Every structure is written in structure tokens, then in C-alpha cells.
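Everything below belongs to structure.cif, which stores mmCIF, C-alpha atoms.
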data_protein
loop_
_atom_site.label_atom_id
_atom_site.label_comp_id
_atom_site.auth_asym_id
_atom_site.auth_seq_id
_atom_site.Cartn_x
_atom_site.Cartn_y
_atom_site.Cartn_z
CA MET A 1 116.67 113.01 129.40
CA HIS A 2 114.06 110.92 131.21
CA HIS A 3 111.24 112.33 129.06
CA ALA A 4 113.12 111.66 125.84
CA ASP A 5 113.63 108.02 126.79
CA GLU A 6 109.96 107.65 127.68
CA PHE A 7 108.87 109.28 124.39
CA ALA A 8 111.12 106.87 122.49
CA ARG A 9 109.71 103.90 124.40
CA CYS A 10 106.14 104.99 123.64
CA LEU A 11 106.96 105.41 119.95
CA VAL A 12 108.70 102.04 119.68
CA THR A 13 105.90 100.15 121.47
CA CYS A 14 103.02 102.25 120.06
CA ASP A 15 101.89 102.99 123.62
CA VAL A 16 98.95 105.30 122.93
CA ALA A 17 97.93 105.82 126.56
CA GLY A 18 101.52 106.47 127.57
CA ILE A 19 102.20 108.98 124.81
CA ARG A 20 98.99 110.87 125.59
CA ARG A 21 99.86 111.04 129.30
CA LEU A 22 103.46 112.07 128.62
CA PHE A 23 102.55 114.66 125.98
CA LYS A 24 99.96 116.19 128.31
CA HIS A 25 102.55 116.36 131.11
CA VAL A 26 105.43 117.73 129.01
CA ARG A 27 103.55 120.07 126.63
CA PRO A 28 100.13 120.98 128.08
CA ASP A 29 100.26 124.24 126.09
CA LEU A 30 100.04 122.42 122.73
CA PRO A 31 96.88 120.90 121.23
CA GLN A 32 96.42 117.34 122.52
CA PRO A 33 95.17 114.35 120.51
CA LYS A 34 91.40 114.15 120.98
CA THR A 35 91.16 110.38 120.50
CA ASP A 36 93.36 107.31 120.77
CA HIS A 37 93.21 106.98 116.98
CA GLU A 38 94.64 110.51 116.58
CA ALA A 39 97.41 109.64 119.03
CA LEU A 40 98.18 106.41 117.17
CA MET A 41 98.33 108.31 113.88
CA ALA A 42 100.74 110.82 115.45
CA ILE A 43 102.90 107.96 116.79
CA HIS A 44 103.16 106.35 113.36
CA HIS A 45 103.92 109.68 111.70
CA ALA A 46 106.64 110.42 114.25
CA ARG A 47 108.13 106.94 113.73
CA THR A 48 108.43 107.51 109.98
CA GLN A 49 110.40 110.70 110.62
CA ALA A 50 112.69 109.34 113.35
CA ALA A 51 115.98 108.66 111.55
CA THR A 52 117.45 106.92 114.62
CA PHE A 53 114.73 104.25 114.75
CA ASN A 54 114.99 100.75 113.29
CA PHE A 55 114.02 100.86 109.61
CA ARG A 56 111.45 98.05 110.02
CA LEU A 57 109.51 100.19 112.51
CA ARG A 58 109.63 103.16 110.18
CA ALA A 59 108.56 101.04 107.19
CA TYR A 60 105.67 99.49 109.14
CA SER A 61 104.45 102.93 110.20
CA HIS A 62 104.72 104.13 106.59
CA ALA A 63 102.49 101.23 105.48
CA TRP A 64 100.05 101.81 108.36
CA LEU A 65 99.68 105.48 107.50
CA LEU A 66 99.08 104.80 103.81
CA ASP A 67 96.58 102.00 104.58
CA HIS A 68 94.60 104.41 106.76
CA GLY A 69 94.69 107.27 104.24
CA TYR A 70 97.26 109.48 105.99
CA PRO A 71 100.43 110.97 104.54
CA SER A 72 103.71 109.37 105.52
CA GLY A 73 106.69 111.28 106.85
CA LEU A 74 109.18 108.77 105.46
CA PRO A 75 111.75 110.43 103.16
CA ASP A 76 111.14 109.79 99.45
CA GLY A 77 114.41 107.90 99.07
CA LEU A 78 113.30 105.27 101.61
CA LYS A 79 109.74 104.75 100.35
CA PRO A 80 110.54 102.13 97.67
CA LYS A 81 112.48 100.02 100.19
CA ALA A 82 109.64 100.33 102.73
CA GLU A 83 107.03 99.36 100.15
CA ARG A 84 109.02 96.23 99.25
CA LEU A 85 109.21 95.31 102.93
CA TYR A 86 105.47 95.89 103.55
CA PRO A 87 103.65 95.75 100.20
CA ARG A 88 100.14 97.16 100.08
CA VAL A 89 97.25 94.73 99.67
CA GLN A 90 94.78 95.65 96.95
CA GLU A 91 91.29 94.25 97.23
CA ALA A 92 89.28 93.31 94.16
CA VAL A 93 85.88 91.87 93.34
CA GLY A 94 85.23 89.96 90.13
CA ILE A 95 81.78 89.95 88.56
CA ALA A 96 80.87 87.96 85.47
CA CYS A 97 77.41 87.22 84.09
CA LYS A 98 76.60 84.91 81.21
CA GLY A 99 73.28 83.85 79.84
CA ASN A 100 72.59 80.41 78.42
CA SER A 101 69.50 81.47 76.49
CA GLU A 102 68.70 84.43 74.25
CA ILE A 103 66.91 86.16 77.14
CA GLY A 104 69.78 85.34 79.51
CA ARG A 105 72.33 86.87 77.13
CA ALA A 106 70.15 89.95 76.75
CA ILE A 107 69.82 90.63 80.47
CA ALA A 108 73.37 89.58 81.50
CA PRO A 109 74.86 93.11 81.13
CA ILE A 110 71.99 94.60 83.19
CA VAL A 111 72.42 92.02 85.95
CA GLN A 112 76.19 92.52 85.94
CA ARG A 113 75.72 96.29 86.25
CA ALA A 114 73.33 95.85 89.21
CA MET A 115 75.84 93.60 90.98
CA SER A 116 78.64 96.06 90.25
CA ASP A 117 76.61 98.97 91.62
CA VAL A 118 76.03 97.10 94.90
CA VAL A 119 79.75 96.37 95.27
CA MET A 120 80.69 99.98 94.54
CA ASP A 121 78.14 101.18 97.11
CA ILE A 122 79.48 98.82 99.79
CA TYR A 123 83.08 99.93 99.23
CA ALA A 124 82.05 103.59 99.18
CA THR A 125 80.48 103.30 102.63
CA ASN A 126 82.82 100.75 104.25
CA ARG A 127 86.60 100.91 103.94
CA SER A 128 87.22 97.17 104.25
CA PRO A 129 83.98 95.19 104.15
CA ASP A 130 83.64 91.52 104.96
CA PRO A 131 83.92 89.46 101.73
CA ALA A 132 80.97 87.30 102.82
CA LEU A 133 78.80 90.43 103.07
CA VAL A 134 79.90 91.59 99.62
CA LYS A 135 79.05 88.21 98.09
CA LEU A 136 75.69 88.08 99.87
CA ARG A 137 74.69 91.54 98.65
CA MET A 138 75.88 90.76 95.11
CA MET A 139 73.74 87.63 94.98
CA GLU A 140 70.74 89.53 96.40
CA ALA A 141 71.16 92.19 93.69
CA ARG A 142 71.39 89.47 91.05
CA THR A 143 68.23 87.74 92.25
CA MET A 144 66.25 90.98 92.54
CA THR A 145 67.33 92.21 89.10
CA VAL A 146 66.44 88.94 87.40
CA LYS A 147 63.05 88.95 89.15
CA LYS A 148 62.38 92.51 87.99
CA LEU A 149 63.36 91.76 84.42
CA ILE A 150 61.82 88.34 83.79
CA GLY A 151 59.80 87.46 86.88
CA THR A 152 60.23 84.42 89.10
#

Take the structure in this file and express it as C-alpha cells.
Amino acid sequence: MHHADEFARCLVTCDVAGIRRLFKHVRPDLPQPKTDHEALMAIHHARTQAATFNFRLRAYSHAWLLDHGYPSGLPDGLKPKAERLYPRVQEAVGIACKGNSEIGRAIAPIVQRAMSDVVMDIYATNRSPDPALVKLRMMEARTMTVKKLIGT
């Protein structure tokens, strides 16, 4: 019974070091988490499946797993309630280009495409980039594209 209480404590508090130590002690014959991140993922997955746990803990773990690209163990009937409790944040970047002259209107779609390509590249290589970095790179792409098309 002592081990069960300690497992529950580790799951409730997300004690990664504790769960790794306990799991290694209780089940050394099973594959062990290689990293703290793997252990944290396993904790969250276990919390979603633990019917005796507080629903807020289960819902938070469901949101954490989805935000990090992992499947949730929360039963389908509870997912809508969990998603209302912890809604997912969707990031977006708006890009608009407008030219004031005939040349400006002609190159606006090309400049907009260059800025869009930079944003897509940043999000493809970095899961949650700093908005200041995204803006900086967009403006650099805009400047470089305009220079290539019409000079300084």
C-alpha cells in the first residue's frame, strides 16, 4: 500500500524525479523513462486515465498532452468538458501588404509571399517562437524583397 500512495502523490504533484526513482525501485524489469520529459509525459498520460483523481488534474494533463503533441488517455465522454476548462490557444500571424503607387501595388503580393514564407519556416522549425523574433524576421524579409525588386 505504501508504494501505491507514493505513486499517487507523484502523479498528483507531477514529481518527475520521485516517479522515476519509485518506478525503478518497484518495476526494474520494465523499460524506464530515458529522460525527465518522457517521465513527465507518462505522468500526464497516467493522470488522464486515473478515474479516482480530481477532474481538474485530469483535464490539465489532457491539455498538456495535446499541447505537446501526445495522445490523451482521457475518455472521449470527458474531452469536451476538459477542453472547456482548459481551452487550447491557437497562435496566428497576420500579414498584409499594400502599395501606394503602381509599382508598390505590383510588388505587394511578392513581398507578402516572402514574409509568409519566413513565418512558415520559423513555425516549421520552432514549435512556439518568440513573437518579437517572428516580427523581426518578417520585416527583414520585407526589406530584402523590396531591395531585390526595386533597389534601395

Selected residue of minimal separation from Lys34 (chain A) among A:Arg47, A:Arg20, A:His68, A:Lys147, counting all atoms listed in the file: A:Arg20

Exactly which residues make up the result of the PyMOL selection byres ((chain A and resi 85) around 12) on this file, given as a PyMOL selection string? chain A and resi 55-63+78-84+86-88

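Here the PyMOL selection byres ((chain A and resi 97-104) around 12) catches exactly these residues: Gly94, Ile95, Ala96, Arg105, Ala106, Ile107, Ala108, Pro109, Ile110, Val111, Gln112, Arg113, Ala114, Met115, Ser116, Met138, Met139, Arg142, Val146, Leu149 and Ile150 of chain A.
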
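CA of Ala46 (chain A) lies 10.2 Å from CA of Val12 (chain A).
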
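You can rank A:Val89, A:Leu40, A:Leu136, A:Leu30 by their closest distance to Leu65 (chain A) using only C-alpha atoms, and at the top of that list sits A:Leu40.
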
What's around region 117-121 of chain A at 8 Å? Count only C-alpha atoms, leave out sequence neighbours fewer than 4 positions away in its own chain, and write the answer as a PyMOL selection string. chain A and resi 93+113+125+134+137-138+141

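Separating CA of Ile43 (chain A) from CA of Cys14 (chain A) is a distance of 6.6 Å.
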
Pull C-alpha atoms for region 17-100 of chain A from the block and write them as a PDB file, in the first residue's frame.
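See part_10.pdb below for the written result:
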ATOM      1  CA  ALA A  17      12.326  12.611 -10.001  1.00  0.00           C
ATOM      2  CA  GLY A  18      10.162  10.788  -7.475  1.00  0.00           C
ATOM      3  CA  ILE A  19       8.239   8.794 -10.071  1.00  0.00           C
ATOM      4  CA  ARG A  20      11.457   7.768 -11.825  1.00  0.00           C
ATOM      5  CA  ARG A  21      13.018   6.623  -8.548  1.00  0.00           C
ATOM      6  CA  LEU A  22       9.879   4.774  -7.459  1.00  0.00           C
ATOM      7  CA  PHE A  23       9.294   3.132 -10.834  1.00  0.00           C
ATOM      8  CA  LYS A  24      12.913   1.958 -10.952  1.00  0.00           C
ATOM      9  CA  HIS A  25      12.571   0.508  -7.431  1.00  0.00           C
ATOM     10  CA  VAL A  26       9.174  -1.173  -7.943  1.00  0.00           C
ATOM     11  CA  ARG A  27       9.490  -2.360 -11.570  1.00  0.00           C
ATOM     12  CA  PRO A  28      13.165  -2.533 -12.602  1.00  0.00           C
ATOM     13  CA  ASP A  29      12.227  -5.230 -15.139  1.00  0.00           C
ATOM     14  CA  LEU A  30      10.180  -2.790 -17.260  1.00  0.00           C
ATOM     15  CA  PRO A  31      11.610  -0.167 -19.638  1.00  0.00           C
ATOM     16  CA  GLN A  32      12.357   3.040 -17.717  1.00  0.00           C
ATOM     17  CA  PRO A  33      11.804   6.600 -18.970  1.00  0.00           C
ATOM     18  CA  LYS A  34      15.048   7.760 -20.592  1.00  0.00           C
ATOM     19  CA  THR A  35      14.533  11.460 -19.848  1.00  0.00           C
ATOM     20  CA  ASP A  36      12.623  13.670 -17.443  1.00  0.00           C
ATOM     21  CA  HIS A  37      10.426  14.773 -20.344  1.00  0.00           C
ATOM     22  CA  GLU A  38       9.435  11.143 -21.037  1.00  0.00           C
ATOM     23  CA  ALA A  39       8.627  10.681 -17.359  1.00  0.00           C
ATOM     24  CA  LEU A  40       6.538  13.868 -17.315  1.00  0.00           C
ATOM     25  CA  MET A  41       4.651  12.704 -20.396  1.00  0.00           C
ATOM     26  CA  ALA A  42       3.969   9.355 -18.704  1.00  0.00           C
ATOM     27  CA  ILE A  43       2.752  11.159 -15.555  1.00  0.00           C
ATOM     28  CA  HIS A  44       0.303  13.275 -17.543  1.00  0.00           C
ATOM     29  CA  HIS A  45      -0.934  10.275 -19.506  1.00  0.00           C
ATOM     30  CA  ALA A  46      -1.469   8.301 -16.296  1.00  0.00           C
ATOM     31  CA  ARG A  47      -3.339  11.242 -14.749  1.00  0.00           C
ATOM     32  CA  THR A  48      -5.776  11.372 -17.679  1.00  0.00           C
ATOM     33  CA  GLN A  49      -6.592   7.697 -17.156  1.00  0.00           C
ATOM     34  CA  ALA A  50      -6.915   7.783 -13.355  1.00  0.00           C
ATOM     35  CA  ALA A  51     -10.674   7.844 -12.739  1.00  0.00           C
ATOM     36  CA  THR A  52     -10.181   8.450  -8.999  1.00  0.00           C
ATOM     37  CA  PHE A  53      -8.249  11.700  -9.497  1.00  0.00           C
ATOM     38  CA  ASN A  54      -9.716  15.199  -9.336  1.00  0.00           C
ATOM     39  CA  PHE A  55     -11.149  16.114 -12.749  1.00  0.00           C
ATOM     40  CA  ARG A  56      -9.179  19.389 -12.898  1.00  0.00           C
ATOM     41  CA  LEU A  57      -5.905  17.434 -12.727  1.00  0.00           C
ATOM     42  CA  ARG A  58      -7.077  15.076 -15.442  1.00  0.00           C
ATOM     43  CA  ALA A  59      -8.261  17.965 -17.637  1.00  0.00           C
ATOM     44  CA  TYR A  60      -4.975  19.844 -17.191  1.00  0.00           C
ATOM     45  CA  SER A  61      -2.995  16.751 -18.158  1.00  0.00           C
ATOM     46  CA  HIS A  62      -5.248  16.270 -21.198  1.00  0.00           C
ATOM     47  CA  ALA A  63      -4.474  19.849 -22.308  1.00  0.00           C
ATOM     48  CA  TRP A  64      -0.750  19.421 -21.602  1.00  0.00           C
ATOM     49  CA  LEU A  65      -0.564  16.250 -23.675  1.00  0.00           C
ATOM     50  CA  LEU A  66      -2.386  17.802 -26.631  1.00  0.00           C
ATOM     51  CA  ASP A  67      -0.254  20.972 -26.466  1.00  0.00           C
ATOM     52  CA  HIS A  68       2.892  18.842 -26.648  1.00  0.00           C
ATOM     53  CA  GLY A  69       1.613  16.634 -29.492  1.00  0.00           C
ATOM     54  CA  TYR A  70       0.880  13.489 -27.471  1.00  0.00           C
ATOM     55  CA  PRO A  71      -2.335  11.475 -27.354  1.00  0.00           C
ATOM     56  CA  SER A  72      -4.522  11.860 -24.296  1.00  0.00           C
ATOM     57  CA  GLY A  73      -5.863   8.954 -22.273  1.00  0.00           C
ATOM     58  CA  LEU A  74      -8.947  10.889 -21.181  1.00  0.00           C
ATOM     59  CA  PRO A  75     -12.181   9.064 -22.105  1.00  0.00           C
ATOM     60  CA  ASP A  76     -13.999  10.575 -25.101  1.00  0.00           C
ATOM     61  CA  GLY A  77     -17.029  11.498 -22.993  1.00  0.00           C
ATOM     62  CA  LEU A  78     -14.911  13.772 -20.768  1.00  0.00           C
ATOM     63  CA  LYS A  79     -12.906  15.515 -23.501  1.00  0.00           C
ATOM     64  CA  PRO A  80     -15.436  18.287 -24.282  1.00  0.00           C
ATOM     65  CA  LYS A  81     -15.693  19.217 -20.587  1.00  0.00           C
ATOM     66  CA  ALA A  82     -11.880  19.223 -20.265  1.00  0.00           C
ATOM     67  CA  GLU A  83     -11.477  21.384 -23.355  1.00  0.00           C
ATOM     68  CA  ARG A  84     -13.938  23.935 -21.952  1.00  0.00           C
ATOM     69  CA  LEU A  85     -11.978  24.010 -18.700  1.00  0.00           C
ATOM     70  CA  TYR A  86      -8.582  24.396 -20.434  1.00  0.00           C
ATOM     71  CA  PRO A  87      -9.167  25.720 -23.968  1.00  0.00           C
ATOM     72  CA  ARG A  88      -6.312  25.414 -26.433  1.00  0.00           C
ATOM     73  CA  VAL A  89      -4.541  28.585 -27.513  1.00  0.00           C
ATOM     74  CA  GLN A  90      -4.121  28.971 -31.256  1.00  0.00           C
ATOM     75  CA  GLU A  91      -1.349  31.207 -32.475  1.00  0.00           C
ATOM     76  CA  ALA A  92      -1.709  33.275 -35.633  1.00  0.00           C
ATOM     77  CA  VAL A  93       0.327  35.757 -37.638  1.00  0.00           C
ATOM     78  CA  GLY A  94      -1.296  38.372 -39.843  1.00  0.00           C
ATOM     79  CA  ILE A  95       0.487  39.667 -42.928  1.00  0.00           C
ATOM     80  CA  ALA A  96      -0.873  42.411 -45.160  1.00  0.00           C
ATOM     81  CA  CYS A  97       0.952  44.363 -47.860  1.00  0.00           C
ATOM     82  CA  LYS A  98      -0.392  47.334 -49.766  1.00  0.00           C
ATOM     83  CA  GLY A  99       1.293  49.540 -52.282  1.00  0.00           C
ATOM     84  CA  ASN A 100       0.602  53.250 -52.622  1.00  0.00           C
TER      85      ASN A 100
END
